[in-house]
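Inspection log for the structure reproduced underneath, given as structure tokens.
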Amino acid sequence: MTILDLIHNRHSYRGEYESTPVPKEDLIKIMQAGLAAPSGCNKQTTSLIAVDNPEILKKLHTVINPPVGETAPAIICVLTQRINAYRDKCFAVQDYSAAIENMLLAIVELGYQSCWYEGHITDEDRIGYQMAQILGVPDDYELICFLPVGIAKSVPPLPRKKEFSERAWFNSFPTQNC
């Protein structure tokens with residue numbers, strides 16, 4: 001599969017996973033892809049924790065409410081540090097977003113599926129903070145996202161995307177006829 005095929009065929013997977021463990025070598029490849037992403041002013045604000053220990057996964061899933069990704073044999077937790085690159089500019093969101101997209105593509109390349117869970121754990125209930133406490137994450141890091149990783153039990157259809165012409169143009173924004 002080419003990189004363009006991966007981009008067009010990758011989608012969020014919210015179904016159940018097979019119980020087959022994800023080899024550490026594959027988790028390392030996925031995390032290396034994430035850490036290879038561009039970083040604003042090379043501040044490298046993104047860090048990662050792969051969790052494949054069933055006991056730790058069980059502890060994490062006790063705080064993830066409502067439950068998501070609970071059948072995945074591994075998850076990758078994405079951490080960020082809010083470090084200013086210059087003046088008052090911080091690119092942490094761009095940094096971890098690029099890292100997550102790289103990992104999502106690597107996950108599909110290696111035959112697995114995943115979903116980007118961020119809003120689910122960064123709400124007022126502070127699930128990300130609770131997960132960070134379980135993992136011993138220092139307070140100057142924020143657990144911003146987690147990606148379940150595993151072999152999908154089913155293959156749902158790709159979501160419908162708007163037509164190219166509805167979202168992309170050349171040389172100017174299209175004029176509206178009133």
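Residue names in the structure tokens use chain letters A, B, ... in the order shown, residue numbers from 1 in each chain, and ligand numbers from 1 in the order shown.
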**Request:** Would you list the contacts of Ile76 (chain A) as JSON, numbers by chain, taking every protein, DNA or RNA residue within 9 Å and counting only C-alpha atoms, but skipping same-chain residues closer than 2 positions in sequence?
**Result:** {"A": [27, 31, 48, 49, 50, 51, 52, 74, 78, 145, 146, 147, 148, 149]}
Using only C-alpha atoms, please write the residues we just selected to a file, as a PDB file, in the first residue's frame.
ATOM      1  CA  LEU A  27       4.429  -0.777  19.153  1.00  0.00           C
ATOM      2  CA  MET A  31       5.791   5.154  18.380  1.00  0.00           C
ATOM      3  CA  LEU A  48       4.383   8.501  24.336  1.00  0.00           C
ATOM      4  CA  ILE A  49       3.605   5.574  26.625  1.00  0.00           C
ATOM      5  CA  ALA A  50       2.600   2.216  25.120  1.00  0.00           C
ATOM      6  CA  VAL A  51       0.565   0.029  27.456  1.00  0.00           C
ATOM      7  CA  ASP A  52       0.248  -3.679  26.695  1.00  0.00           C
ATOM      8  CA  ALA A  74      -2.650  -2.305  23.621  1.00  0.00           C
ATOM      9  CA  VAL A  78       0.022  10.638  23.992  1.00  0.00           C
ATOM     10  CA  CYS A 145      -5.013  11.374  23.876  1.00  0.00           C
ATOM     11  CA  PHE A 146      -4.956   7.623  23.683  1.00  0.00           C
ATOM     12  CA  LEU A 147      -4.979   5.307  20.698  1.00  0.00           C
ATOM     13  CA  PRO A 148      -6.247   1.742  21.117  1.00  0.00           C
ATOM     14  CA  VAL A 149      -4.194  -0.620  18.959  1.00  0.00           C
TER      15      VAL A 149
END
**Request:** Going by DSSP on the backbone, which bits of chain A are strand (DSSP E or B)? Write them as an MDAnalysis selection string, please.
**Result:** chainID A and resid 17 46:51 74:80 84:86 89:90 113 117 142:150 152
**Prompt:** Counting only C-alpha atoms, what is within 10 Å of region 37-47 of chain A, bar same-chain residues fewer than 6 positions away, as a VMD selection string?
**Reply:** chain A and resid 31 77 to 86 89 to 103 141 to 144
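Of note, CA of Ser12 (chain A) and CA of Gly136 (chain A) are spaced 28.2 Å apart.
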**Item:** Gap from CA of Lys58 (chain A) to CA of Ser19 (chain A) - Å, one decimal
**Value:**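 Straight-line distance from CA of Lys58 (chain A) to CA of Ser19 (chain A) works out to 13.8 Å.
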**Message:** Run DSSP on the backbone and tell me which residues of region 31-96 of chain A come out as alpha helix (DSSP H); list them as number ranges by chain.
**Reply:** A: 31-35, 54-63, 92-96
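Across the model, the gap from CA of Val108 (chain A) to CA of Gln133 (chain A) is 29.4 Å.
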**Message:** Using only C-alpha atoms, can you tell me which of A:Leu104, A:Ile151, A:Pro156, A:Val63 comes closest to His120 (chain A)?
**Reply:**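 Closest candidate: A:Val63.
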**All residues 9 Å or closer to Thr71 (chain A), only C-alpha atoms, same chain fewer than 5 positions away omitted, as a list in words** = Gly15, Glu16, Tyr17, Glu18, Ser19, Pro148 and Gly150 of chain A
